Every structure is written in C-alpha cells, then in structure tokens.
$ cat data_7.cif   # mmCIF, N, CA and C atoms
data_model
loop_
_atom_site.label_atom_id
_atom_site.label_comp_id
_atom_site.auth_asym_id
_atom_site.auth_seq_id
_atom_site.Cartn_x
_atom_site.Cartn_y
_atom_site.Cartn_z
N MET A 20 10.45 -17.19 23.85
CA MET A 20 9.18 -16.94 23.20
C MET A 20 9.20 -15.53 22.60
N THR A 21 8.78 -15.39 21.36
CA THR A 21 8.79 -14.08 20.71
C THR A 21 7.50 -13.33 20.98
N THR A 22 7.64 -12.02 21.04
CA THR A 22 6.45 -11.18 21.24
C THR A 22 5.79 -10.93 19.90
N PRO A 23 4.47 -10.90 19.88
CA PRO A 23 3.77 -10.62 18.63
C PRO A 23 4.15 -9.22 18.11
N ASP A 24 4.22 -9.10 16.82
CA ASP A 24 4.54 -7.83 16.17
C ASP A 24 3.26 -7.27 15.56
N PRO A 25 2.56 -6.36 16.29
CA PRO A 25 1.27 -5.87 15.78
C PRO A 25 1.39 -5.14 14.45
N ASP A 26 2.46 -4.38 14.24
CA ASP A 26 2.63 -3.69 12.96
C ASP A 26 2.88 -4.68 11.83
N GLY A 27 3.65 -5.71 12.12
CA GLY A 27 3.89 -6.75 11.12
C GLY A 27 2.61 -7.48 10.76
N LEU A 28 1.78 -7.74 11.77
CA LEU A 28 0.49 -8.39 11.54
C LEU A 28 -0.41 -7.51 10.68
N LEU A 29 -0.47 -6.21 10.99
CA LEU A 29 -1.27 -5.29 10.19
C LEU A 29 -0.78 -5.25 8.74
N ALA A 30 0.54 -5.19 8.57
CA ALA A 30 1.10 -5.15 7.22
C ALA A 30 0.72 -6.42 6.46
N GLU A 31 0.78 -7.56 7.13
CA GLU A 31 0.40 -8.83 6.49
C GLU A 31 -1.08 -8.83 6.13
N GLN A 32 -1.92 -8.31 7.01
CA GLN A 32 -3.35 -8.25 6.72
C GLN A 32 -3.62 -7.34 5.52
N LEU A 33 -2.92 -6.22 5.45
CA LEU A 33 -3.10 -5.32 4.30
C LEU A 33 -2.67 -6.00 3.01
N LEU A 34 -1.57 -6.73 3.04
CA LEU A 34 -1.12 -7.45 1.85
C LEU A 34 -2.12 -8.52 1.44
N ARG A 35 -2.66 -9.25 2.42
CA ARG A 35 -3.65 -10.28 2.12
C ARG A 35 -4.91 -9.65 1.52
N LEU A 36 -5.33 -8.51 2.09
CA LEU A 36 -6.50 -7.81 1.55
C LEU A 36 -6.24 -7.34 0.13
N THR A 37 -5.06 -6.81 -0.12
CA THR A 37 -4.71 -6.35 -1.47
C THR A 37 -4.79 -7.50 -2.47
N ARG A 38 -4.24 -8.64 -2.09
CA ARG A 38 -4.31 -9.81 -2.98
C ARG A 38 -5.76 -10.24 -3.21
N ARG A 39 -6.56 -10.19 -2.16
CA ARG A 39 -7.99 -10.56 -2.29
C ARG A 39 -8.71 -9.59 -3.22
N VAL A 40 -8.46 -8.30 -3.05
CA VAL A 40 -9.07 -7.28 -3.91
C VAL A 40 -8.69 -7.55 -5.37
N HIS A 41 -7.41 -7.83 -5.62
CA HIS A 41 -6.96 -8.11 -6.99
C HIS A 41 -7.65 -9.34 -7.57
N ARG A 42 -7.76 -10.40 -6.76
CA ARG A 42 -8.43 -11.62 -7.23
C ARG A 42 -9.88 -11.34 -7.60
N ILE A 43 -10.58 -10.64 -6.71
CA ILE A 43 -12.00 -10.37 -6.94
C ILE A 43 -12.18 -9.46 -8.15
N GLN A 44 -11.36 -8.42 -8.26
CA GLN A 44 -11.47 -7.53 -9.42
C GLN A 44 -11.16 -8.28 -10.71
N LYS A 45 -10.17 -9.13 -10.67
CA LYS A 45 -9.81 -9.91 -11.85
C LYS A 45 -10.97 -10.81 -12.27
N ARG A 46 -11.64 -11.43 -11.30
CA ARG A 46 -12.79 -12.29 -11.59
C ARG A 46 -13.93 -11.48 -12.20
N HIS A 47 -14.21 -10.30 -11.65
CA HIS A 47 -15.28 -9.47 -12.18
C HIS A 47 -14.94 -8.97 -13.58
N LEU A 48 -13.67 -8.68 -13.83
CA LEU A 48 -13.26 -8.28 -15.18
C LEU A 48 -13.44 -9.44 -16.16
N ALA A 49 -13.03 -10.64 -15.73
CA ALA A 49 -13.14 -11.81 -16.61
C ALA A 49 -14.59 -12.11 -16.94
N GLN A 50 -15.50 -11.88 -15.99
CA GLN A 50 -16.92 -12.15 -16.24
C GLN A 50 -17.47 -11.25 -17.34
N ARG A 51 -16.89 -10.09 -17.49
CA ARG A 51 -17.36 -9.16 -18.52
C ARG A 51 -16.67 -9.39 -19.87
N GLU A 52 -15.72 -10.32 -19.88
CA GLU A 52 -15.03 -10.73 -21.11
C GLU A 52 -14.49 -9.55 -21.90
N LEU A 53 -13.82 -8.62 -21.21
CA LEU A 53 -13.24 -7.46 -21.87
C LEU A 53 -11.85 -7.75 -22.44
N GLY A 54 -11.21 -8.78 -21.93
CA GLY A 54 -9.85 -9.08 -22.40
C GLY A 54 -8.85 -8.03 -21.97
N ILE A 55 -9.11 -7.41 -20.82
CA ILE A 55 -8.24 -6.35 -20.31
C ILE A 55 -7.66 -6.81 -18.98
N THR A 56 -6.35 -6.66 -18.85
CA THR A 56 -5.69 -7.03 -17.60
C THR A 56 -5.88 -5.91 -16.57
N PRO A 57 -5.67 -6.20 -15.28
CA PRO A 57 -5.75 -5.14 -14.28
C PRO A 57 -4.78 -3.98 -14.58
N ALA A 58 -3.59 -4.29 -15.07
CA ALA A 58 -2.62 -3.23 -15.39
C ALA A 58 -3.12 -2.37 -16.55
N GLN A 59 -3.71 -3.00 -17.56
CA GLN A 59 -4.28 -2.24 -18.68
C GLN A 59 -5.46 -1.39 -18.20
N SER A 60 -6.23 -1.94 -17.28
CA SER A 60 -7.36 -1.22 -16.71
C SER A 60 -6.87 0.05 -16.01
N ARG A 61 -5.81 -0.08 -15.26
CA ARG A 61 -5.23 1.07 -14.55
C ARG A 61 -4.75 2.13 -15.54
N LEU A 62 -4.13 1.70 -16.64
CA LEU A 62 -3.67 2.65 -17.65
C LEU A 62 -4.85 3.38 -18.28
N LEU A 63 -5.92 2.65 -18.60
CA LEU A 63 -7.11 3.28 -19.19
C LEU A 63 -7.71 4.31 -18.22
N ARG A 64 -7.79 3.94 -16.94
CA ARG A 64 -8.33 4.89 -15.95
C ARG A 64 -7.45 6.13 -15.85
N THR A 65 -6.15 5.93 -15.91
CA THR A 65 -5.22 7.06 -15.83
C THR A 65 -5.40 7.97 -17.04
N LEU A 66 -5.53 7.38 -18.22
CA LEU A 66 -5.75 8.18 -19.43
C LEU A 66 -7.04 8.98 -19.34
N ALA A 67 -8.07 8.38 -18.78
CA ALA A 67 -9.38 9.04 -18.69
C ALA A 67 -9.32 10.28 -17.81
N HIS A 68 -8.40 10.32 -16.86
CA HIS A 68 -8.31 11.45 -15.95
C HIS A 68 -7.32 12.52 -16.43
N TRP A 69 -6.71 12.30 -17.57
CA TRP A 69 -5.74 13.24 -18.12
C TRP A 69 -6.49 14.23 -19.00
N GLY A 70 -6.12 15.50 -18.95
CA GLY A 70 -6.78 16.51 -19.78
C GLY A 70 -6.54 16.30 -21.26
N SER A 71 -5.29 16.38 -21.67
CA SER A 71 -4.93 16.15 -23.07
C SER A 71 -4.12 14.86 -23.13
N PRO A 72 -4.04 14.25 -24.30
CA PRO A 72 -3.31 12.97 -24.39
C PRO A 72 -1.87 13.10 -23.88
N PRO A 73 -1.48 12.24 -22.95
CA PRO A 73 -0.13 12.30 -22.38
C PRO A 73 0.91 11.60 -23.24
N ARG A 74 2.16 11.89 -22.94
CA ARG A 74 3.27 11.15 -23.55
C ARG A 74 3.43 9.84 -22.77
N MET A 75 4.11 8.88 -23.38
CA MET A 75 4.35 7.59 -22.72
C MET A 75 5.15 7.81 -21.43
N ALA A 76 6.13 8.71 -21.47
CA ALA A 76 6.94 8.98 -20.28
C ALA A 76 6.08 9.53 -19.15
N ASP A 77 5.10 10.37 -19.49
CA ASP A 77 4.17 10.90 -18.47
C ASP A 77 3.37 9.78 -17.84
N LEU A 78 2.90 8.86 -18.67
CA LEU A 78 2.14 7.72 -18.16
C LEU A 78 2.99 6.86 -17.23
N ALA A 79 4.23 6.60 -17.65
CA ALA A 79 5.13 5.78 -16.83
C ALA A 79 5.35 6.43 -15.47
N GLU A 80 5.54 7.73 -15.47
CA GLU A 80 5.75 8.44 -14.21
C GLU A 80 4.50 8.38 -13.33
N ARG A 81 3.35 8.63 -13.91
CA ARG A 81 2.10 8.63 -13.14
C ARG A 81 1.79 7.24 -12.59
N LEU A 82 2.05 6.21 -13.39
CA LEU A 82 1.78 4.83 -12.98
C LEU A 82 2.88 4.25 -12.10
N GLU A 83 4.00 4.99 -12.00
CA GLU A 83 5.16 4.56 -11.23
C GLU A 83 5.71 3.22 -11.72
N VAL A 84 5.89 3.14 -13.04
CA VAL A 84 6.48 1.96 -13.67
C VAL A 84 7.54 2.43 -14.66
N VAL A 85 8.34 1.49 -15.14
CA VAL A 85 9.35 1.83 -16.13
C VAL A 85 8.66 2.07 -17.48
N PRO A 86 9.25 2.93 -18.32
CA PRO A 86 8.63 3.23 -19.62
C PRO A 86 8.36 1.98 -20.47
N ARG A 87 9.21 0.98 -20.39
CA ARG A 87 9.02 -0.24 -21.18
C ARG A 87 7.70 -0.93 -20.81
N ALA A 88 7.33 -0.87 -19.54
CA ALA A 88 6.07 -1.49 -19.11
C ALA A 88 4.89 -0.77 -19.75
N VAL A 89 4.97 0.55 -19.85
CA VAL A 89 3.89 1.31 -20.48
C VAL A 89 3.81 0.97 -21.97
N THR A 90 4.95 0.81 -22.60
CA THR A 90 4.97 0.46 -24.02
C THR A 90 4.23 -0.85 -24.25
N SER A 91 4.50 -1.84 -23.40
CA SER A 91 3.82 -3.14 -23.54
C SER A 91 2.31 -3.01 -23.33
N LEU A 92 1.92 -2.22 -22.31
CA LEU A 92 0.49 -2.02 -22.04
C LEU A 92 -0.19 -1.32 -23.21
N VAL A 93 0.45 -0.27 -23.71
CA VAL A 93 -0.12 0.48 -24.84
C VAL A 93 -0.19 -0.39 -26.08
N ASP A 94 0.84 -1.19 -26.32
CA ASP A 94 0.81 -2.10 -27.48
C ASP A 94 -0.43 -3.00 -27.45
N GLY A 95 -0.69 -3.60 -26.29
CA GLY A 95 -1.84 -4.49 -26.16
C GLY A 95 -3.16 -3.75 -26.32
N LEU A 96 -3.25 -2.57 -25.70
CA LEU A 96 -4.50 -1.80 -25.80
C LEU A 96 -4.70 -1.23 -27.20
N GLU A 97 -3.61 -0.89 -27.87
CA GLU A 97 -3.72 -0.38 -29.24
C GLU A 97 -4.16 -1.51 -30.19
N ALA A 98 -3.62 -2.70 -29.97
CA ALA A 98 -3.99 -3.85 -30.81
C ALA A 98 -5.49 -4.17 -30.68
N SER A 99 -6.05 -3.91 -29.51
CA SER A 99 -7.48 -4.19 -29.31
C SER A 99 -8.35 -2.96 -29.60
N GLY A 100 -7.73 -1.87 -30.06
CA GLY A 100 -8.49 -0.69 -30.47
C GLY A 100 -8.95 0.21 -29.33
N LYS A 101 -8.37 0.04 -28.14
CA LYS A 101 -8.81 0.84 -26.99
C LYS A 101 -8.06 2.18 -26.87
N VAL A 102 -6.84 2.23 -27.40
CA VAL A 102 -6.07 3.48 -27.41
C VAL A 102 -5.41 3.61 -28.78
N ARG A 103 -4.91 4.80 -29.04
CA ARG A 103 -4.12 5.00 -30.27
C ARG A 103 -2.99 5.97 -29.97
N ARG A 104 -1.92 5.78 -30.72
CA ARG A 104 -0.78 6.69 -30.64
C ARG A 104 -1.04 7.82 -31.64
N VAL A 105 -0.84 9.05 -31.18
CA VAL A 105 -1.03 10.21 -32.06
C VAL A 105 0.19 11.12 -31.93
N PRO A 106 0.59 11.73 -33.05
CA PRO A 106 1.72 12.65 -32.97
C PRO A 106 1.31 13.94 -32.24
N ASP A 107 2.25 14.49 -31.50
CA ASP A 107 2.04 15.76 -30.81
C ASP A 107 2.01 16.85 -31.87
N PRO A 108 0.98 17.71 -31.86
CA PRO A 108 0.89 18.75 -32.89
C PRO A 108 2.04 19.77 -32.82
N ALA A 109 2.61 19.95 -31.63
CA ALA A 109 3.69 20.92 -31.47
C ALA A 109 5.06 20.33 -31.79
N ASN A 110 5.21 19.02 -31.68
CA ASN A 110 6.49 18.37 -31.91
C ASN A 110 6.21 16.98 -32.47
N ARG A 111 6.33 16.84 -33.77
CA ARG A 111 5.95 15.59 -34.45
C ARG A 111 6.77 14.38 -34.00
N ARG A 112 7.91 14.61 -33.34
CA ARG A 112 8.72 13.49 -32.85
C ARG A 112 8.13 12.89 -31.57
N VAL A 113 7.27 13.63 -30.90
CA VAL A 113 6.66 13.17 -29.65
C VAL A 113 5.34 12.45 -29.96
N ILE A 114 5.18 11.30 -29.35
CA ILE A 114 3.96 10.51 -29.52
C ILE A 114 3.14 10.60 -28.24
N ARG A 115 1.87 10.82 -28.42
CA ARG A 115 0.95 10.88 -27.29
C ARG A 115 -0.04 9.73 -27.40
N ILE A 116 -0.67 9.40 -26.27
CA ILE A 116 -1.59 8.26 -26.22
C ILE A 116 -2.98 8.79 -25.90
N GLU A 117 -3.96 8.41 -26.72
CA GLU A 117 -5.33 8.85 -26.44
C GLU A 117 -6.29 7.67 -26.47
N LEU A 118 -7.38 7.83 -25.71
CA LEU A 118 -8.44 6.83 -25.69
C LEU A 118 -9.23 6.88 -27.00
N THR A 119 -9.69 5.73 -27.43
CA THR A 119 -10.60 5.66 -28.57
C THR A 119 -12.02 5.52 -28.02
N ASP A 120 -12.99 5.53 -28.91
CA ASP A 120 -14.38 5.31 -28.48
C ASP A 120 -14.51 3.93 -27.83
N ASP A 121 -13.82 2.92 -28.40
CA ASP A 121 -13.84 1.58 -27.80
C ASP A 121 -13.22 1.61 -26.41
N GLY A 122 -12.19 2.42 -26.23
CA GLY A 122 -11.55 2.55 -24.93
C GLY A 122 -12.49 3.16 -23.90
N ARG A 123 -13.24 4.17 -24.33
CA ARG A 123 -14.22 4.80 -23.41
C ARG A 123 -15.33 3.82 -23.04
N ALA A 124 -15.77 3.02 -24.02
CA ALA A 124 -16.80 2.01 -23.74
C ALA A 124 -16.25 0.96 -22.77
N ALA A 125 -15.00 0.56 -22.97
CA ALA A 125 -14.37 -0.40 -22.06
C ALA A 125 -14.27 0.18 -20.65
N LEU A 126 -13.98 1.46 -20.55
CA LEU A 126 -13.91 2.11 -19.24
C LEU A 126 -15.25 2.05 -18.50
N ARG A 127 -16.33 2.24 -19.22
CA ARG A 127 -17.65 2.14 -18.60
C ARG A 127 -17.87 0.73 -18.03
N GLU A 128 -17.48 -0.28 -18.80
CA GLU A 128 -17.59 -1.66 -18.33
C GLU A 128 -16.66 -1.92 -17.15
N LEU A 129 -15.46 -1.35 -17.21
CA LEU A 129 -14.50 -1.52 -16.12
C LEU A 129 -15.03 -0.90 -14.83
N ARG A 130 -15.64 0.27 -14.95
CA ARG A 130 -16.21 0.92 -13.76
C ARG A 130 -17.31 0.05 -13.15
N ALA A 131 -18.13 -0.53 -13.99
CA ALA A 131 -19.20 -1.40 -13.49
C ALA A 131 -18.60 -2.63 -12.80
N ALA A 132 -17.54 -3.19 -13.38
CA ALA A 132 -16.88 -4.34 -12.77
C ALA A 132 -16.26 -3.97 -11.43
N ARG A 133 -15.65 -2.81 -11.36
CA ARG A 133 -15.04 -2.36 -10.10
C ARG A 133 -16.10 -2.12 -9.03
N ARG A 134 -17.24 -1.54 -9.43
CA ARG A 134 -18.32 -1.31 -8.48
C ARG A 134 -18.83 -2.63 -7.91
N SER A 135 -19.04 -3.62 -8.78
CA SER A 135 -19.56 -4.90 -8.29
C SER A 135 -18.51 -5.61 -7.44
N ALA A 136 -17.23 -5.47 -7.78
CA ALA A 136 -16.17 -6.06 -6.95
C ALA A 136 -16.13 -5.37 -5.59
N ALA A 137 -16.26 -4.04 -5.57
CA ALA A 137 -16.25 -3.30 -4.31
C ALA A 137 -17.42 -3.70 -3.43
N GLU A 138 -18.59 -3.89 -4.05
CA GLU A 138 -19.76 -4.32 -3.28
C GLU A 138 -19.50 -5.66 -2.62
N GLU A 139 -18.87 -6.57 -3.36
CA GLU A 139 -18.57 -7.90 -2.81
C GLU A 139 -17.56 -7.79 -1.66
N ILE A 140 -16.53 -7.00 -1.86
CA ILE A 140 -15.47 -6.87 -0.85
C ILE A 140 -15.99 -6.21 0.42
N LEU A 141 -16.82 -5.18 0.26
CA LEU A 141 -17.28 -4.39 1.40
C LEU A 141 -18.57 -4.93 2.03
N ALA A 142 -19.15 -5.96 1.46
CA ALA A 142 -20.43 -6.49 1.93
C ALA A 142 -20.47 -6.79 3.43
N PRO A 143 -19.40 -7.31 4.03
CA PRO A 143 -19.48 -7.61 5.47
C PRO A 143 -19.51 -6.38 6.38
N LEU A 144 -19.23 -5.20 5.84
CA LEU A 144 -19.14 -4.00 6.67
C LEU A 144 -20.44 -3.21 6.71
N ARG A 145 -20.75 -2.68 7.89
CA ARG A 145 -21.87 -1.74 8.02
C ARG A 145 -21.43 -0.39 7.44
N GLU A 146 -22.38 0.50 7.24
CA GLU A 146 -22.09 1.81 6.66
C GLU A 146 -21.09 2.59 7.50
N ASP A 147 -21.25 2.59 8.83
CA ASP A 147 -20.33 3.34 9.69
C ASP A 147 -18.92 2.73 9.63
N GLN A 148 -18.84 1.41 9.47
CA GLN A 148 -17.53 0.77 9.34
C GLN A 148 -16.88 1.13 8.01
N ARG A 149 -17.68 1.23 6.96
CA ARG A 149 -17.15 1.63 5.66
C ARG A 149 -16.58 3.05 5.73
N GLU A 150 -17.31 3.94 6.41
CA GLU A 150 -16.83 5.32 6.55
C GLU A 150 -15.53 5.36 7.33
N ALA A 151 -15.46 4.61 8.42
CA ALA A 151 -14.24 4.57 9.23
C ALA A 151 -13.07 3.99 8.42
N LEU A 152 -13.34 2.93 7.68
CA LEU A 152 -12.30 2.34 6.84
C LEU A 152 -11.82 3.35 5.80
N GLY A 153 -12.75 4.06 5.18
CA GLY A 153 -12.37 5.08 4.20
C GLY A 153 -11.47 6.14 4.79
N GLU A 154 -11.79 6.60 5.99
CA GLU A 154 -10.96 7.61 6.66
C GLU A 154 -9.57 7.06 6.96
N LEU A 155 -9.51 5.83 7.48
CA LEU A 155 -8.23 5.22 7.79
C LEU A 155 -7.38 5.01 6.52
N LEU A 156 -8.02 4.53 5.46
CA LEU A 156 -7.28 4.32 4.21
C LEU A 156 -6.77 5.64 3.64
N ASN A 157 -7.58 6.70 3.72
CA ASN A 157 -7.12 8.01 3.26
C ASN A 157 -5.89 8.45 4.04
N THR A 158 -5.90 8.22 5.33
CA THR A 158 -4.75 8.58 6.17
C THR A 158 -3.51 7.81 5.74
N LEU A 159 -3.67 6.50 5.49
CA LEU A 159 -2.53 5.68 5.07
C LEU A 159 -2.04 6.08 3.68
N VAL A 160 -2.96 6.34 2.77
CA VAL A 160 -2.58 6.72 1.40
C VAL A 160 -1.86 8.06 1.39
N ASP A 161 -2.40 9.01 2.17
CA ASP A 161 -1.80 10.35 2.20
C ASP A 161 -0.53 10.41 3.04
N GLY A 162 -0.35 9.42 3.92
CA GLY A 162 0.84 9.40 4.77
C GLY A 162 0.78 10.38 5.92
N ALA A 163 -0.39 10.95 6.18
CA ALA A 163 -0.52 11.91 7.27
C ALA A 163 -0.81 11.16 8.58
N PRO A 164 -0.23 11.61 9.67
CA PRO A 164 -0.51 10.94 10.94
C PRO A 164 -1.96 11.17 11.38
N VAL A 165 -2.51 10.18 12.07
CA VAL A 165 -3.87 10.29 12.60
C VAL A 165 -3.81 11.19 13.82
N GLN A 166 -4.70 12.17 13.89
CA GLN A 166 -4.72 13.07 15.03
C GLN A 166 -5.71 12.56 16.06
N SER A 167 -5.27 12.53 17.30
CA SER A 167 -6.15 12.09 18.39
C SER A 167 -6.98 13.25 18.87
N CYS A 168 -8.16 12.94 19.40
CA CYS A 168 -9.03 13.98 19.94
C CYS A 168 -8.66 14.28 21.37
#

$ encode --input "data_7.cif" --output "structure tokens"
Amino acid sequence: MTTPDPDGLLAEQLLRLTRRVHRIQKRHLAQRELGITPAQSRLLRTLAHWGSPPRMADLAERLEVVPRAVTSLVDGLEASGKVRRVPDPANRRVIRIELTDDGRAALRELRAARRSAAEEILAPLREDQREALGELLNTLVDGAPVQSC
C-alpha cells in the first residue's frame, strides 16, 4: 500500500485551481466579446505597466516566452488595433510596441472581466480566508519560506 503524498496532492490541487481560474476568466472574457485571448490579455496588461514602449525582446523576457510567441500575439493585437509597432527614436532599426486608445479601452474591459471572475472564484471564501490565501500565495510566488511564530 502506498503512502499518500501530501505535497503531490497540493501540487495537483494548485494545477486544478489554475485550470479553473483560466476557464472562468476565459468565460468572462468571452461574455464581453473582446476577441482577446488570455495570452493577449497578459501582453496588454504587461504593456500597461511599462513606462515607455518596450521592444519585442523585452516583452518576451518579461512574459517568459520565446520571441516568436510575442510576435504572434502582437500581430493579432495590431490587426485588431489594440497595439502598434513604432520605431525607436534613438535607433530606427529597433521596433517598440505601444498601446493604442483601443488597447487602453480593451484593458478597462479586461480589468472588469478579471474582477468579476475573481469574485466568482473567491465567493466561497470568507474575508479572513481570502486574506490568509493572499498571504500564502504571496509566499509561494515570492519563493520565501513561511516563518513560524
């Protein structure tokens, strides 16, 4: 008889939760009929937090994907008018990516969709449970060990 693997069970639960979060967010995005994939949504959010328009290589590094994946995402977002490629003023060979007004409007809709998805996902939790979950998730994201009292 094998012994239960508590860490393996936790890892499986986290993966199941991640898939559930993606499904719910995808549904909330589809309800708003933005025509934006979750990956494109992530790229738009990343662009919004950048000071000046980044290079494609910068985006790939920040998103932790290969440059070709960023090219495909930018192509789709550019075709729908959400981003545009602009030459770097200091080096015309370098192309930077910037949000358009349509992209900023889409971001507002995306934020609303994420909020409603989060409300649905977190609905079963009390406020104190949400706070505890937030602390635990921060610890896992940061990779810092939990300190005991």

$ atom_distance --input "data_7.cif" --atom1 "CA of Leu78 (chain A)" --atom2 "CA of Glu97 (chain A)"
14.9 Å

$ residues_around --input "data_7.cif" --residues "region 82-93 of chain A" --least-positions-apart "5" --cutoff "8 Å" --atoms "only C-alpha atoms" --output "mmCIF file with N, CA and C atoms, keeping the file's coordinate frame"
data_model
loop_
_atom_site.group_PDB
_atom_site.id
_atom_site.type_symbol
_atom_site.label_atom_id
_atom_site.label_comp_id
_atom_site.auth_asym_id
_atom_site.auth_seq_id
_atom_site.Cartn_x
_atom_site.Cartn_y
_atom_site.Cartn_z
ATOM 1 N N ALA A 58 -3.590 -4.290 -15.070
ATOM 2 C CA ALA A 58 -2.620 -3.230 -15.390
ATOM 3 C C ALA A 58 -3.120 -2.370 -16.550
ATOM 4 N N GLN A 59 -3.710 -3.000 -17.560
ATOM 5 C CA GLN A 59 -4.280 -2.240 -18.680
ATOM 6 C C GLN A 59 -5.460 -1.390 -18.200
ATOM 7 N N LEU A 62 -4.130 1.700 -16.640
ATOM 8 C CA LEU A 62 -3.670 2.650 -17.650
ATOM 9 C C LEU A 62 -4.850 3.380 -18.280
ATOM 10 N N THR A 65 -6.150 5.930 -15.910
ATOM 11 C CA THR A 65 -5.220 7.060 -15.830
ATOM 12 C C THR A 65 -5.400 7.970 -17.040
ATOM 13 N N MET A 75 4.110 8.880 -23.380
ATOM 14 C CA MET A 75 4.350 7.590 -22.720
ATOM 15 C C MET A 75 5.150 7.810 -21.430
ATOM 16 N N ALA A 76 6.130 8.710 -21.470
ATOM 17 C CA ALA A 76 6.940 8.980 -20.280
ATOM 18 C C ALA A 76 6.080 9.530 -19.150
ATOM 19 N N VAL A 102 -6.840 2.230 -27.400
ATOM 20 C CA VAL A 102 -6.070 3.480 -27.410
ATOM 21 C C VAL A 102 -5.410 3.610 -28.780
#

$ atom_distance --input "data_7.cif" --atom1 "CA of Arg149 (chain A)" --atom2 "CA of Arg61 (chain A)"
23.5 Å

$ select_by_dssp --input "data_7.cif" --residues "region 21-152 of chain A" --states "strand (DSSP E or B)" --output "PyMOL selection string"
chain A and resi 74+102-106+114-118

$ atom_distance --input "data_7.cif" --atom1 "CA of Arg42 (chain A)" --atom2 "CA of Thr56 (chain A)"
11.7 Å

$ residues_around --input "data_7.cif" --residues "Arg130 (chain A)" --least-positions-apart "2" --cutoff "12 Å" --atoms "only C-alpha atoms" --output "list in words"
Gln44, His47, Leu48, Arg51, Ser60, Arg61, Leu63, Arg64, Ala67, Arg123, Ala124, Ala125, Leu126, Arg127, Glu128, Ala132, Arg133, Arg134, Ser135, Ala136 and Ala137 of chain A

$ closest_residue --input "data_7.cif" --among "A:Leu33, A:Ala109, A:Ala151, A:Leu129" --to "Ala49 (chain A)" --atoms "only C-alpha atoms"
A:Leu129

$ residues_around --input "data_7.cif" --residues "Val40 (chain A)" --least-positions-apart "6" --cutoff "8 Å" --atoms "only N, CA and C atoms" --output "number ranges by chain"
A: 34, 46, 136, 140

$ select_by_dssp --input "data_7.cif" --residues "chain A" --states "alpha helix (DSSP H)" --output "PyMOL selection string"
chain A and resi 25-50+57-67+75-82+86-98+120-141+146-161

$ closest_residue --input "data_7.cif" --among "A:Gly95, A:Pro23, A:Gly153, A:Pro73" --to "Leu118 (chain A)" --atoms "only N, CA and C atoms"
A:Pro73

$ axis_aligned_box --input "data_7.cif" --around "region 118-133 of chain A" --padding-each-side "4 Å" --output "lines of an AutoDock Vina configuration file"
center_x = -13.3
center_y = 1.7
center_z = -19.0
size_x = 19.8
size_y = 20.2
size_z = 27.9

$ closest_residue --input "data_7.cif" --among "A:His41, A:Arg35, A:Arg111, A:Arg103" --to "Leu66 (chain A)" --atoms "only C-alpha atoms"
A:Arg103

$ residues_near_point --input "data_7.cif" --point "(-11.2, 0.7, -27.5)" --cutoff "6 Å" --atoms "all atoms listed in the file" --output "PyMOL selection string"
chain A and resi 99-102+119-123+125

$ decode --input "data_7.cif" --residues "region 39-73 of chain A" --atoms "C-alpha atoms" --output "tab-separated table (two decimals), in the first residue's frame"
chain	number	residue	atom	x	y	z
A	39	ARG	CA	-10.41	26.52	-13.16
A	40	VAL	CA	-9.23	30.14	-12.96
A	41	HIS	CA	-8.31	30.06	-16.66
A	42	ARG	CA	-11.70	28.59	-17.61
A	43	ILE	CA	-13.61	31.16	-15.60
A	44	GLN	CA	-11.52	34.08	-16.87
A	45	LYS	CA	-11.91	32.85	-20.44
A	46	ARG	CA	-15.70	32.69	-19.99
A	47	HIS	CA	-15.83	36.21	-18.54
A	48	LEU	CA	-13.68	37.49	-21.42
A	49	ALA	CA	-15.92	35.79	-23.98
A	50	GLN	CA	-19.01	37.36	-22.39
A	51	ARG	CA	-17.56	40.79	-23.09
A	52	GLU	CA	-16.92	39.83	-26.73
A	53	LEU	CA	-13.50	41.48	-26.85
A	54	GLY	CA	-11.97	38.87	-29.13
A	55	ILE	CA	-8.87	38.78	-26.94
A	56	THR	CA	-7.21	35.58	-25.80
A	57	PRO	CA	-5.87	35.18	-22.25
A	58	ALA	CA	-2.31	35.38	-23.64
A	59	GLN	CA	-3.12	38.62	-25.48
A	60	SER	CA	-4.72	39.93	-22.30
A	61	ARG	CA	-1.50	39.23	-20.40
A	62	LEU	CA	0.54	41.06	-23.04
A	63	LEU	CA	-1.77	44.10	-22.86
A	64	ARG	CA	-1.50	44.16	-19.06
A	65	THR	CA	2.28	43.92	-19.30
A	66	LEU	CA	2.39	46.81	-21.77
A	67	ALA	CA	0.21	48.93	-19.49
A	68	HIS	CA	2.72	48.57	-16.66
A	69	TRP	CA	5.72	49.55	-18.79
A	70	GLY	CA	6.93	53.15	-18.63
A	71	SER	CA	7.93	53.63	-22.26
A	72	PRO	CA	7.07	51.31	-25.15
A	73	PRO	CA	9.18	48.14	-24.84
